[in-house]
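Structure data follow from entry.csv (CSV, C-alpha atoms):
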chain,number,residue,atom,x,y,z
A,79,MET,CA,-9.7,20.8,-70.5
A,80,LYS,CA,-13.1,20.2,-69.0
A,81,LYS,CA,-14.1,23.8,-69.7
A,82,LYS,CA,-13.1,23.3,-73.3
A,83,TYR,CA,-15.3,20.3,-73.7
A,84,LEU,CA,-18.2,22.0,-72.0
A,85,LEU,CA,-17.9,25.0,-74.4
A,86,ILE,CA,-17.8,22.6,-77.4
A,87,LEU,CA,-20.9,20.7,-76.2
A,88,ALA,CA,-22.8,24.0,-75.5
A,89,TYR,CA,-21.9,25.3,-79.0
A,90,LEU,CA,-23.1,22.1,-80.7
A,91,PHE,CA,-26.3,22.1,-78.7
A,92,THR,CA,-27.0,25.6,-79.7
A,93,LEU,CA,-26.5,24.7,-83.4
A,94,THR,CA,-28.8,21.8,-83.3
A,95,ALA,CA,-31.4,22.7,-80.8
A,96,PHE,CA,-34.2,23.9,-83.0
A,97,SER,CA,-36.8,22.6,-85.4
A,98,GLN,CA,-39.0,25.7,-85.9
A,99,SER,CA,-38.4,29.3,-86.4
A,100,ILE,CA,-38.5,31.4,-83.2
A,101,ASN,CA,-41.7,33.4,-82.5
A,102,THR,CA,-41.4,35.6,-79.4
A,103,ASP,CA,-43.6,37.7,-77.1
A,104,ARG,CA,-41.0,40.5,-76.9
A,105,PRO,CA,-40.1,43.2,-77.4
A,106,ASP,CA,-43.6,44.7,-77.9
A,107,GLN,CA,-46.3,44.8,-75.2
A,108,THR,CA,-48.7,42.7,-77.3
A,109,GLU,CA,-48.5,39.0,-76.4
A,110,GLY,CA,-48.5,36.7,-79.5
A,111,SER,CA,-51.5,34.7,-80.6
A,112,SER,CA,-49.5,31.4,-81.0
A,113,THR,CA,-47.9,29.0,-78.6
A,114,ILE,CA,-44.5,27.2,-79.0
A,115,ASN,CA,-44.5,23.6,-80.1
A,116,LYS,CA,-44.8,20.6,-77.8
A,117,GLY,CA,-41.4,19.7,-76.2
A,118,THR,CA,-39.7,23.0,-76.9
A,119,PHE,CA,-38.3,25.5,-74.4
A,120,GLN,CA,-37.8,29.2,-75.1
A,121,ILE,CA,-36.0,31.9,-73.1
A,122,GLU,CA,-36.8,35.5,-73.7
A,123,THR,CA,-34.7,37.9,-71.7
A,124,GLY,CA,-33.6,41.5,-71.8
A,125,ILE,CA,-32.6,44.8,-70.2
A,126,LEU,CA,-35.1,47.7,-69.8
A,127,LEU,CA,-34.5,51.2,-68.4
A,128,SER,CA,-37.6,53.3,-67.6
A,129,GLU,CA,-37.9,56.8,-66.4
A,130,ASP,CA,-41.0,58.6,-64.9
A,131,ASP,CA,-40.4,62.3,-64.6
A,132,ASN,CA,-43.5,62.8,-62.5
A,133,THR,CA,-42.0,60.8,-59.6
A,134,ASN,CA,-38.3,61.5,-60.6
A,135,GLU,CA,-37.9,57.7,-60.5
A,136,LYS,CA,-35.7,55.5,-62.7
A,137,SER,CA,-35.9,51.7,-62.8
A,138,LEU,CA,-33.5,49.3,-64.4
A,139,PHE,CA,-34.9,45.8,-65.0
A,140,LEU,CA,-31.9,43.5,-65.3
A,141,PRO,CA,-32.6,40.9,-66.3
A,142,SER,CA,-36.3,40.6,-67.2
A,143,THR,CA,-36.9,37.0,-68.3
A,144,LEU,CA,-39.8,35.0,-69.6
A,145,LEU,CA,-39.5,31.2,-69.8
A,146,ARG,CA,-41.9,29.3,-72.1
A,147,PHE,CA,-42.4,25.5,-72.1
A,148,GLY,CA,-44.4,23.7,-74.8
A,149,ILE,CA,-46.7,21.3,-72.9
A,150,THR,CA,-48.7,20.4,-76.0
A,151,ASP,CA,-48.9,22.1,-79.4
A,152,ASN,CA,-51.7,24.3,-78.1
A,153,ILE,CA,-50.7,24.9,-74.5
A,154,GLU,CA,-47.5,26.4,-73.0
A,155,LEU,CA,-46.4,27.0,-69.5
A,156,ARG,CA,-44.9,30.4,-68.7
A,157,ILE,CA,-42.7,31.7,-65.9
A,158,PHE,CA,-41.9,35.4,-65.7
A,159,GLN,CA,-39.4,37.0,-63.3
A,160,GLU,CA,-37.4,40.2,-63.2
A,161,ILE,CA,-34.9,41.9,-61.0
A,162,GLU,CA,-35.5,45.6,-60.6
A,163,HIS,CA,-33.0,48.2,-59.6
A,164,LYS,CA,-34.8,51.4,-58.5
A,165,ILE,CA,-32.6,54.5,-58.7
A,166,TYR,CA,-33.3,57.5,-56.5
A,167,HIS,CA,-30.8,60.2,-57.1
A,168,SER,CA,-27.5,58.5,-56.0
A,169,ASN,CA,-29.2,55.6,-54.2
A,170,THR,CA,-30.1,52.2,-55.8
A,171,ILE,CA,-32.4,49.6,-54.2
A,172,THR,CA,-32.4,46.2,-55.8
A,173,GLY,CA,-34.8,43.3,-55.5
A,174,PHE,CA,-37.0,40.7,-57.2
A,175,ASN,CA,-40.4,41.7,-58.4
A,176,ASP,CA,-43.2,39.2,-57.8
A,177,LEU,CA,-43.1,35.9,-59.7
A,178,GLN,CA,-45.6,35.3,-62.4
A,179,LEU,CA,-46.7,31.8,-63.3
A,180,GLY,CA,-49.2,31.2,-66.1
A,181,LEU,CA,-50.4,29.4,-69.2
A,182,LYS,CA,-51.1,30.4,-72.8
A,183,LEU,CA,-53.8,28.4,-74.7
A,184,GLN,CA,-54.2,28.4,-78.5
A,185,LEU,CA,-57.9,28.8,-79.1
A,186,PHE,CA,-58.1,29.2,-82.8
A,187,LYS,CA,-55.7,28.3,-85.6
A,188,LYS,CA,-56.7,26.8,-89.0
A,189,GLU,CA,-54.8,26.3,-92.2
A,190,ASN,CA,-57.6,28.0,-94.2
A,191,SER,CA,-57.7,31.0,-91.9
A,192,ALA,CA,-55.1,33.7,-91.4
A,193,THR,CA,-56.6,34.7,-88.0
A,194,GLU,CA,-55.1,33.3,-84.8
A,195,ILE,CA,-56.6,33.6,-81.3
A,196,ALA,CA,-55.0,32.7,-77.9
A,197,PHE,CA,-55.8,33.3,-74.3
A,198,MET,CA,-53.1,34.0,-71.7
A,199,SER,CA,-53.4,34.1,-67.9
A,200,HIS,CA,-50.8,34.6,-65.3
A,201,ILE,CA,-51.0,34.4,-61.5
A,202,ASN,CA,-49.0,37.0,-59.6
A,203,LEU,CA,-47.3,35.4,-56.6
A,204,PRO,CA,-46.2,37.9,-53.9
A,205,ASN,CA,-42.8,36.2,-53.1
A,206,SER,CA,-40.6,39.3,-53.0
A,207,SER,CA,-39.9,42.0,-50.4
A,208,ASP,CA,-42.6,44.5,-49.4
A,209,PHE,CA,-40.8,47.3,-51.3
A,210,PHE,CA,-41.1,45.4,-54.7
A,211,SER,CA,-44.2,43.3,-54.1
A,212,ASN,CA,-47.9,43.9,-54.6
A,213,ASN,CA,-48.3,41.8,-51.4
A,214,ARG,CA,-51.4,40.1,-52.9
A,215,ILE,CA,-52.1,37.2,-55.2
A,216,GLY,CA,-53.3,38.7,-58.4
A,217,ILE,CA,-54.3,37.6,-61.9
A,218,ILE,CA,-53.3,39.0,-65.3
A,219,ASN,CA,-55.4,38.0,-68.3
A,220,LYS,CA,-55.1,38.8,-72.1
A,221,LEU,CA,-57.0,37.7,-75.2
A,222,CYS,CA,-54.5,37.7,-78.0
A,223,ILE,CA,-55.6,38.0,-81.7
A,224,SER,CA,-53.5,38.4,-84.9
A,225,HIS,CA,-54.0,38.3,-88.6
A,226,PRO,CA,-51.8,39.3,-91.6
A,227,THR,CA,-52.9,42.1,-93.9
A,228,ASN,CA,-50.5,41.0,-96.6
A,229,LYS,CA,-47.3,39.0,-97.0
A,230,ARG,CA,-45.1,41.5,-95.1
A,231,THR,CA,-47.5,43.2,-92.7
A,232,GLN,CA,-49.4,41.8,-89.7
A,233,ILE,CA,-51.7,43.3,-87.1
A,234,SER,CA,-52.0,41.9,-83.6
A,235,TYR,CA,-53.9,43.1,-80.6
A,236,ASN,CA,-54.6,42.3,-77.0
A,237,ILE,CA,-57.4,43.2,-74.6
A,238,GLY,CA,-56.9,42.3,-71.0
A,239,TYR,CA,-58.0,42.7,-67.4
A,240,ASP,CA,-55.6,42.6,-64.3
A,241,TYR,CA,-56.9,42.3,-60.8
A,242,MET,CA,-54.6,42.3,-57.7
A,243,GLN,CA,-57.3,41.8,-55.0
A,244,LYS,CA,-57.9,45.5,-54.5
A,245,GLY,CA,-60.0,48.2,-56.1
A,246,ASN,CA,-61.7,47.6,-59.5
A,247,GLY,CA,-58.7,46.3,-61.4
A,248,ASP,CA,-57.2,47.5,-64.6
A,249,ILE,CA,-58.1,47.1,-68.2
A,250,THR,CA,-55.2,46.8,-70.6
A,251,TYR,CA,-55.0,47.1,-74.4
A,252,SER,CA,-52.4,47.1,-77.2
A,253,ILE,CA,-52.4,47.0,-81.0
A,254,VAL,CA,-49.2,46.4,-82.9
A,255,THR,CA,-48.5,46.7,-86.6
A,256,SER,CA,-45.4,44.9,-87.8
A,257,TYR,CA,-43.6,45.0,-91.1
A,258,ALA,CA,-41.1,42.4,-92.3
A,259,VAL,CA,-38.4,44.3,-94.2
A,260,ASN,CA,-36.8,40.9,-95.2
A,261,ASP,CA,-36.6,37.4,-93.8
A,262,LYS,CA,-34.5,38.5,-90.8
A,263,PHE,CA,-35.4,42.1,-90.0
A,264,ASN,CA,-38.8,43.1,-88.7
A,265,THR,CA,-40.0,46.5,-87.5
A,266,TYR,CA,-43.1,47.5,-85.5
A,267,ILE,CA,-45.1,50.4,-84.0
A,268,GLU,CA,-47.5,49.9,-81.2
A,269,PRO,CA,-49.9,52.1,-79.2
A,270,TYR,CA,-50.9,50.6,-75.9
A,271,GLY,CA,-52.0,51.5,-72.4
A,272,GLU,CA,-54.2,50.8,-69.4
A,273,ILE,CA,-57.2,52.1,-67.6
A,274,ASN,CA,-56.2,52.0,-64.0
A,275,GLU,CA,-59.1,51.3,-61.5
A,276,LEU,CA,-61.4,51.5,-64.6
A,277,SER,CA,-61.1,55.3,-64.4
A,278,GLU,CA,-57.6,56.7,-65.2
A,279,HIS,CA,-56.4,56.2,-68.7
A,280,LEU,CA,-52.6,56.1,-69.3
A,281,GLY,CA,-51.8,56.0,-73.0
A,282,LYS,CA,-48.3,55.0,-74.3
A,283,ILE,CA,-46.6,54.2,-77.6
A,284,ASN,CA,-43.5,52.2,-78.5
A,285,LEU,CA,-41.6,51.1,-81.6
A,286,GLY,CA,-38.7,48.8,-82.3
A,287,PHE,CA,-37.3,46.0,-84.4
A,288,THR,CA,-36.2,42.3,-84.2
A,289,TYR,CA,-33.3,40.7,-86.0
A,290,LEU,CA,-33.2,36.9,-86.6
A,291,ILE,CA,-29.7,35.8,-85.9
A,292,LYS,CA,-30.5,32.2,-86.6
A,293,GLU,CA,-33.7,30.3,-87.0
A,294,ASN,CA,-33.8,29.8,-83.2
A,295,MET,CA,-32.1,33.1,-82.0
A,296,GLN,CA,-33.4,36.6,-82.1
A,297,PHE,CA,-32.1,40.1,-81.0
A,298,ASP,CA,-34.5,42.9,-80.3
A,299,TYR,CA,-34.5,46.6,-79.5
A,300,SER,CA,-37.4,48.9,-78.5
A,301,LEU,CA,-38.1,52.3,-77.1
A,302,GLY,CA,-41.3,54.0,-76.0
A,303,SER,CA,-42.9,57.0,-74.2
A,304,GLY,CA,-46.1,58.2,-72.6
A,305,VAL,CA,-48.8,59.8,-74.7
A,306,ASN,CA,-50.8,61.7,-72.0
A,307,HIS,CA,-48.2,61.4,-69.2
A,308,ILE,CA,-44.4,61.8,-68.9
A,309,PHE,CA,-42.8,58.3,-69.2
A,310,ASN,CA,-40.1,56.7,-71.4
A,311,PHE,CA,-38.2,53.5,-71.7
A,312,THR,CA,-35.6,51.8,-73.8
A,313,SER,CA,-34.8,48.1,-74.0
A,314,ILE,CA,-32.6,45.5,-75.7
A,315,GLY,CA,-33.2,41.7,-75.6
A,316,TYR,CA,-32.2,38.3,-76.7
A,317,SER,CA,-34.3,35.2,-77.2
A,318,VAL,CA,-33.4,31.6,-78.0
A,319,LEU,CA,-35.5,28.5,-78.7
A,320,PHE,CA,-34.5,24.9,-77.7
A,321,ASN,CA,-36.0,21.7,-79.0
Just dump the structure as structure tokens.
Amino acid sequence: MKKKYLLILAYLFTLTAFSQSINTDRPDQTEGSSTINKGTFQIETGILLSEDDNTNEKSLFLPSTLLRFGITDNIELRIFQEIEHKIYHSNTITGFNDLQLGLKLQLFKKENSATEIAFMSHINLPNSSDFFSNNRIGIINKLCISHPTNKRTQISYNIGYDYMQKGNGDITYSIVTSYAVNDKFNTYIEPYGEINELSEHLGKINLGFTYLIKENMQFDYSLGSGVNHIFNFTSIGYSVLFN
């Protein structure tokens, strides 16, 4: 009987727990240029399988979860954590990757301008085992910009710099073009990559779609591959917004 009541309450909460349409930072690699509203809480989670033929390594990220909390209408708190299952032939090693704690700040958003700009910064906290950890406190930064080209198409891009207290750090970039087929179904294509240690360029590309289940619920699918190196991944995800 208690279980029945809990299920009913959870269902009612899900039906009423939104006041804005969901806007996620997944499944593409480009972080959005907007923050969630004050007092809202968003969960973005998924499963990702990646393969690197150069190292004969497979990794299953299950789950990979981003939590977003609206502190103000222009500032959100972000917590990112994932569990990685590394697969070597018939052996699997499982552990938490380092925790990321960060903020996203809305820098520019005006009613008379279609352009939005935000800045995102995460601190990498080495709280996992040596096998899965960078073993250093690091910082991940991105400048996030977007603007629509027409009613259905939008272009967004990021430029970033990551530093893990060793070497020269990495420059990251991404540019995504998205197209709204209708009010629920959205597709995208995105070239992205990084310049490791400011010297080695690794280019990638991915594409996918999102489907709006309800105003506060979204399903997504994506897949990608390396451009100048052998790499591929596929991912599915689910996001929900609570007021």
Q: Choose the residue, out of A:Ile165, A:Ser300, A:Ile195, A:Phe309, that has the smallest atom-to-atom separation from Arg104 (chain A); count all atoms listed in the file.
A: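 Counting all atoms listed in the file, the residue closest to Arg104 (chain A) is A:Ser300.
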Output as a tab-separated table one row per residue of region 165-263 of chain A within 12 Å of region 288-295 of chain A: the closest atom pair and its distance in Å to one decimal place, counting only C-alpha atoms, sorted by chain and residue number ascending.
residue	atom	partner	partner_atom	distance
A:Ser256	CA	A:Thr288	CA	10.2
A:Tyr257	CA	A:Thr288	CA	10.5
A:Ala258	CA	A:Thr288	CA	9.5
A:Val259	CA	A:Tyr289	CA	10.3
A:Asn260	CA	A:Tyr289	CA	9.8
A:Asp261	CA	A:Leu290	CA	8.0
A:Lys262	CA	A:Leu290	CA	4.7
A:Phe263	CA	A:Tyr289	CA	4.7
Q: Within 8 Å of Tyr299 (chain A), counting only C-alpha atoms, which residues show up once you throw out same-chain ones fewer than 4 positions away? Write them as a VMD selection string, please.
A: chain A and resid 105 286 to 288 312 to 315
Q. Which residue out of A:Met198, A:Leu144, A:Leu155, A:Leu127 has the minimum interatomic distance to Ile114 (chain A) when all atoms listed in the file are used?
A. A:Leu155
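These residues, each with an atom at most 12 Å from (-44.0, 32.3, -63.0) using only C-alpha atoms, are Thr143, Leu144, Leu145, Arg146, Phe147, Leu155, Arg156, Ile157, Phe158, Gln159, Glu160, Asn175, Asp176, Leu177, Gln178, Leu179, Gly180, Leu181, Ser199, His200, Ile201, Asn202, Leu203, Pro204, Asn205, Ile217 and Ile218 of chain A.
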Go ahead and write the selection's residues with C-alpha atoms as a PDB file, in the frame of the given file.
ATOM      1  CA  THR A 143     -36.900  37.000 -68.300  1.00  0.00           C
ATOM      2  CA  LEU A 144     -39.800  35.000 -69.600  1.00  0.00           C
ATOM      3  CA  LEU A 145     -39.500  31.200 -69.800  1.00  0.00           C
ATOM      4  CA  ARG A 146     -41.900  29.300 -72.100  1.00  0.00           C
ATOM      5  CA  PHE A 147     -42.400  25.500 -72.100  1.00  0.00           C
ATOM      6  CA  LEU A 155     -46.400  27.000 -69.500  1.00  0.00           C
ATOM      7  CA  ARG A 156     -44.900  30.400 -68.700  1.00  0.00           C
ATOM      8  CA  ILE A 157     -42.700  31.700 -65.900  1.00  0.00           C
ATOM      9  CA  PHE A 158     -41.900  35.400 -65.700  1.00  0.00           C
ATOM     10  CA  GLN A 159     -39.400  37.000 -63.300  1.00  0.00           C
ATOM     11  CA  GLU A 160     -37.400  40.200 -63.200  1.00  0.00           C
ATOM     12  CA  ASN A 175     -40.400  41.700 -58.400  1.00  0.00           C
ATOM     13  CA  ASP A 176     -43.200  39.200 -57.800  1.00  0.00           C
ATOM     14  CA  LEU A 177     -43.100  35.900 -59.700  1.00  0.00           C
ATOM     15  CA  GLN A 178     -45.600  35.300 -62.400  1.00  0.00           C
ATOM     16  CA  LEU A 179     -46.700  31.800 -63.300  1.00  0.00           C
ATOM     17  CA  GLY A 180     -49.200  31.200 -66.100  1.00  0.00           C
ATOM     18  CA  LEU A 181     -50.400  29.400 -69.200  1.00  0.00           C
ATOM     19  CA  SER A 199     -53.400  34.100 -67.900  1.00  0.00           C
ATOM     20  CA  HIS A 200     -50.800  34.600 -65.300  1.00  0.00           C
ATOM     21  CA  ILE A 201     -51.000  34.400 -61.500  1.00  0.00           C
ATOM     22  CA  ASN A 202     -49.000  37.000 -59.600  1.00  0.00           C
ATOM     23  CA  LEU A 203     -47.300  35.400 -56.600  1.00  0.00           C
ATOM     24  CA  PRO A 204     -46.200  37.900 -53.900  1.00  0.00           C
ATOM     25  CA  ASN A 205     -42.800  36.200 -53.100  1.00  0.00           C
ATOM     26  CA  ILE A 217     -54.300  37.600 -61.900  1.00  0.00           C
ATOM     27  CA  ILE A 218     -53.300  39.000 -65.300  1.00  0.00           C
TER      28      ILE A 218
END
(Q) When you look at region 188-194 of chain A with a cut-off of 6 Å (counting only C-alpha atoms), what residues show up, excluding the ones that are within fewer than 6 positions of it in the same chain? I need them as a list in words. (A)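 Answer for this query is Ser111, Ile223, Ser224 and His225 of chain A.
The spacing separating CA of Glu129 (chain A) from CA of Thr102 (chain A) amounts to 25.1 Å.
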Q | For CA of Ile161 (chain A) and CA of Phe174 (chain A), the interatomic separation in Å (one decimal) | A |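 Computed distance, CA of Ile161 (chain A) to CA of Phe174 (chain A), equals 4.5 Å.
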Q | Point-to-point distance from CA of Ile149 (chain A) to CA of Lys116 (chain A), Å rounded to tenths | A |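 Atom-to-atom, CA of Ile149 (chain A) and CA of Lys116 (chain A) are spaced 5.3 Å apart.
In this comparison, which uses all atoms listed in the file, the residue of A:Phe297, A:Lys282, A:Ser142, A:Ser112 approaching Asn310 (chain A) most closely is A:Lys282.
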**Q.** 10 Å contact set for Phe209 (chain A), only C-alpha atoms, chain neighbours under 2 positions out, as a list in words
**A.**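 Those residues are Ile171, Thr172, Gly173, Phe174, Asn175, Ser206, Ser207, Ser211, Asn212 and Asn213 of chain A.
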(Q) I'd like the neighbourhood of Val318 (chain A) as a PyMOL selection string, where a residue qualifies if any of its atoms comes within 8 Å (using all atoms listed in the file), though same-chain residues fewer than 5 positions away should be ignored. (A) chain A and resi 100+120-122+294-296
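With all atoms listed in the file as the atoms that count, the residue of A:Leu221, A:Ile125, A:Ile249, A:Ile308 with the shortest distance to Glu109 (chain A) is A:Leu221.
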